[in-house]
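Read the structure below first, then the notes.
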Amino acid sequence: MKLKSDKFRKARGGYSRLLKISCSSCGAKLFNYQKDGPGIIKRLYVDRIFTEINDKNLKCPKCGHLIATIGIYEKENRIVYNVSPGAIKKRIVKITGK
C-alpha cells in the first residue's frame with residue numbers, strides 16, 4: 001500500500017502514517033486511513049480512506065454505532081467525516097512494499 005503525496009500532505013510537513021481505524025464499541029476494523037501531520041483525529045478526509053464508503057453517516061457494520069457524519073471542511077474545501085468523540089480507536093500500521 002502506498003501513501004498519497006499531494007499538497008495537503010506537504011502543507012502538514014510531509015509527515016504521514018497509515019492507521020487502522022476500528023470501532024471503539026465492539027472493536028471491529030472499519031478501514032485504513034492515512035493521517036497527515038501531528039495531532040488527534042477530529043475529522044477523516046474521504047480522499048485519505050483506503051476503502052470505498054457509500055454512506056452519508058459512517059456507522060459500524062457490526063454493532064451499528066455512529067462513528068462520524070459527513071460534511072465539508074470549508075478551510076480546504078474537502079469532503080470529510082466529522083468524528084464523534086470517543087467513537088474510534090486507531091493503531092499504526094507498518095507499510096509494506098514501498
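Quick note on naming: the chains in the C-alpha cells go A, B, ... in the order shown, residues restart at 1 in each chain, and ligands are numbered from 1 in order of appearance.
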Give me the residues within 8 Å of Lys20 (chain A) as JSON, numbers by chain, counting only C-alpha atoms and dropping any in the same chain fewer than 4 places off.
{"A": [29, 30, 31, 32, 33, 90, 91, 92, 93]}
Selection to disk with all heavy atoms, as a tab-separated table (two decimals), in the first residue's frame:
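Final file, out.tsv:
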```tsv
chain	number	residue	atom	x	y	z
A	29	LYS	N	-12.81	-3.79	12.81
A	29	LYS	CA	-11.99	-2.97	11.92
A	29	LYS	C	-12.90	-2.30	10.89
A	29	LYS	O	-13.75	-2.93	10.28
A	29	LYS	CB	-10.95	-3.81	11.20
A	29	LYS	CG	-10.08	-2.97	10.29
A	29	LYS	CD	-9.12	-3.78	9.46
A	29	LYS	CE	-8.42	-2.84	8.50
A	29	LYS	NZ	-7.69	-3.51	7.46
A	30	LEU	N	-12.72	-0.99	10.70
A	30	LEU	CA	-13.52	-0.24	9.75
A	30	LEU	C	-12.77	-0.03	8.44
A	30	LEU	O	-13.27	-0.34	7.37
A	30	LEU	CB	-13.94	1.10	10.35
A	30	LEU	CG	-14.76	1.01	11.65
A	30	LEU	CD1	-14.93	2.38	12.27
A	30	LEU	CD2	-16.09	0.36	11.37
A	31	PHE	N	-11.55	0.54	8.51
A	31	PHE	CA	-10.76	0.81	7.32
A	31	PHE	C	-9.37	1.27	7.71
A	31	PHE	O	-9.10	1.51	8.88
A	31	PHE	CB	-11.44	1.89	6.45
A	31	PHE	CG	-11.88	3.10	7.22
A	31	PHE	CD1	-10.98	4.10	7.56
A	31	PHE	CD2	-13.20	3.24	7.60
A	31	PHE	CE1	-11.39	5.21	8.28
A	31	PHE	CE2	-13.62	4.36	8.31
A	31	PHE	CZ	-12.71	5.34	8.65
A	32	ASN	N	-8.50	1.40	6.71
A	32	ASN	CA	-7.18	2.01	6.89
A	32	ASN	C	-7.28	3.46	6.47
A	32	ASN	O	-8.00	3.80	5.53
A	32	ASN	CB	-6.12	1.30	6.07
A	32	ASN	CG	-5.76	-0.05	6.63
A	32	ASN	OD1	-5.88	-0.28	7.82
A	32	ASN	ND2	-5.32	-0.95	5.79
A	33	TYR	N	-6.54	4.33	7.17
A	33	TYR	CA	-6.63	5.77	6.94
A	33	TYR	C	-5.23	6.37	6.97
A	33	TYR	O	-4.42	6.04	7.84
A	33	TYR	CB	-7.50	6.41	8.02
A	33	TYR	CG	-7.62	7.90	7.92
A	33	TYR	CD1	-8.39	8.49	6.92
A	33	TYR	CD2	-6.96	8.74	8.80
A	33	TYR	CE1	-8.50	9.86	6.81
A	33	TYR	CE2	-7.07	10.11	8.71
A	33	TYR	CZ	-7.84	10.67	7.71
A	33	TYR	OH	-7.94	12.03	7.60
A	90	LYS	N	-7.52	3.83	17.10
A	90	LYS	CA	-6.58	3.84	16.00
A	90	LYS	C	-5.32	3.10	16.39
A	90	LYS	O	-4.94	3.07	17.56
A	90	LYS	CB	-6.26	5.26	15.56
A	90	LYS	CG	-5.60	6.11	16.61
A	90	LYS	CD	-5.45	7.52	16.15
A	90	LYS	CE	-4.76	8.40	17.13
A	90	LYS	NZ	-5.30	8.47	18.44
A	91	ARG	N	-4.68	2.52	15.38
A	91	ARG	CA	-3.44	1.81	15.59
A	91	ARG	C	-2.56	2.01	14.36
A	91	ARG	O	-3.05	1.90	13.23
A	91	ARG	CB	-3.74	0.33	15.80
A	91	ARG	CG	-2.57	-0.47	16.19
A	91	ARG	CD	-3.00	-1.85	16.56
A	91	ARG	NE	-1.91	-2.50	17.23
A	91	ARG	CZ	-1.96	-3.69	17.73
A	91	ARG	NH1	-3.06	-4.36	17.65
A	91	ARG	NH2	-0.91	-4.21	18.30
A	92	ILE	N	-1.29	2.29	14.55
A	92	ILE	CA	-0.37	2.50	13.44
A	92	ILE	C	-0.09	1.17	12.74
A	92	ILE	O	0.17	0.15	13.40
A	92	ILE	CB	0.94	3.15	13.92
A	92	ILE	CG1	0.65	4.54	14.49
A	92	ILE	CG2	1.95	3.25	12.79
A	92	ILE	CD1	1.83	5.22	15.12
A	93	VAL	N	-0.15	1.19	11.42
A	93	VAL	CA	0.09	0.01	10.59
A	93	VAL	C	1.43	0.19	9.89
A	93	VAL	O	1.72	1.25	9.35
A	93	VAL	CB	-1.03	-0.15	9.52
A	93	VAL	CG1	-0.73	-1.31	8.60
A	93	VAL	CG2	-2.37	-0.28	10.18
```
Write out as a tab-separated table the residues of region 54-96 of chain A that have any atom within 12 Å of an atom of region 40-50 of chain A, one row each with the nearest atom pair and its distance in Å to one decimal, counting only C-alpha atoms, sorted by chain and then rising number.
```
residue	atom	partner	partner_atom	distance
A:Asn54	CA	A:Val46	CA	10.7
A:Asp55	CA	A:Val46	CA	11.4
A:Lys56	CA	A:Val46	CA	11.5
A:Leu58	CA	A:Leu44	CA	10.5
A:Ile67	CA	A:Leu44	CA	10.6
A:Ala68	CA	A:Arg43	CA	8.3
A:Thr69	CA	A:Arg43	CA	9.4
A:Ile70	CA	A:Val46	CA	9.2
A:Gly71	CA	A:Arg43	CA	9.4
A:Ile72	CA	A:Tyr45	CA	9.3
A:Tyr73	CA	A:Arg43	CA	8.7
A:Glu76	CA	A:Tyr45	CA	10.5
A:Asn77	CA	A:Tyr45	CA	10.7
A:Arg78	CA	A:Tyr45	CA	7.2
A:Ile79	CA	A:Val46	CA	6.0
A:Val80	CA	A:Tyr45	CA	4.4
A:Tyr81	CA	A:Leu44	CA	5.0
A:Asn82	CA	A:Arg43	CA	4.5
A:Val83	CA	A:Arg43	CA	5.4
A:Ser84	CA	A:Lys42	CA	8.0
A:Pro85	CA	A:Lys42	CA	7.9
A:Gly86	CA	A:Lys42	CA	10.1
A:Ala87	CA	A:Lys42	CA	10.6
A:Ile88	CA	A:Ile41	CA	9.2
A:Lys89	CA	A:Ile41	CA	10.0
A:Lys90	CA	A:Ile41	CA	9.2
```
Top pick for closest residue to Cys60 (chain A), considering A:Ile95, A:Tyr15, A:Cys23, A:Asp36 and counting only C-alpha atoms
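Counting only C-alpha atoms, the residue closest to Cys60 (chain A) is A:Cys23.
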Please run DSSP on the backbone and report, as an NGL selection string, all residues within chain A that come out as strand (DSSP E or B).
:A and (16-23 or 29-36 or 43-45 or 49 or 57-59 or 66-73 or 78-83 or 88-93)
Could those residues be written to a file, using C-alpha atoms, as a tab-separated table (two decimals), in the first residue's frame?
```tsv
chain	number	residue	atom	x	y	z
A	16	SER	CA	2.26	10.76	7.25
A	17	ARG	CA	1.39	7.40	8.75
A	18	LEU	CA	-1.12	4.66	7.98
A	19	LEU	CA	-3.66	3.95	10.73
A	20	LYS	CA	-6.05	1.07	11.24
A	21	ILE	CA	-9.35	2.63	12.35
A	22	SER	CA	-11.73	0.48	14.39
A	23	CYS	CA	-14.97	0.91	16.33
A	29	LYS	CA	-11.99	-2.97	11.92
A	30	LEU	CA	-13.52	-0.24	9.75
A	31	PHE	CA	-10.76	0.81	7.32
A	32	ASN	CA	-7.18	2.01	6.89
A	33	TYR	CA	-6.63	5.77	6.94
A	34	GLN	CA	-3.68	8.00	6.01
A	35	LYS	CA	-3.11	10.56	8.77
A	36	ASP	CA	-1.06	13.56	7.67
A	43	ARG	CA	-12.14	14.58	11.00
A	44	LEU	CA	-11.46	11.90	8.42
A	45	TYR	CA	-10.78	13.18	4.92
A	49	ILE	CA	-9.65	6.49	3.42
A	57	ASN	CA	-23.12	8.71	8.00
A	58	LEU	CA	-20.33	6.35	8.92
A	59	LYS	CA	-21.65	3.53	11.13
A	66	LEU	CA	-22.47	6.04	14.81
A	67	ILE	CA	-18.82	6.80	14.06
A	68	ALA	CA	-19.00	10.04	12.04
A	69	THR	CA	-21.23	12.32	9.97
A	70	ILE	CA	-20.36	13.63	6.53
A	71	GLY	CA	-19.60	17.29	5.92
A	72	ILE	CA	-17.31	19.73	4.15
A	73	TYR	CA	-14.17	21.20	5.70
A	78	ARG	CA	-12.70	18.92	1.10
A	79	ILE	CA	-15.30	16.29	1.93
A	80	VAL	CA	-14.81	14.92	5.46
A	81	TYR	CA	-16.36	12.70	8.08
A	82	ASN	CA	-16.63	14.60	11.38
A	83	VAL	CA	-15.75	12.01	14.01
A	88	ILE	CA	-12.88	5.28	17.10
A	89	LYS	CA	-9.70	3.51	18.10
A	90	LYS	CA	-6.58	3.84	16.00
A	91	ARG	CA	-3.44	1.81	15.59
A	92	ILE	CA	-0.37	2.50	13.44
A	93	VAL	CA	0.09	0.01	10.59
```
Between CA of His65 (chain A) and CA of Cys26 (chain A) - distance in Å to one decimal
8.8 Å
In Å, with one decimal, what is the gap from CA of Gly27 (chain A) to CA of Gly64 (chain A)?
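Distance reported for this atom pair: 12.0 Å.
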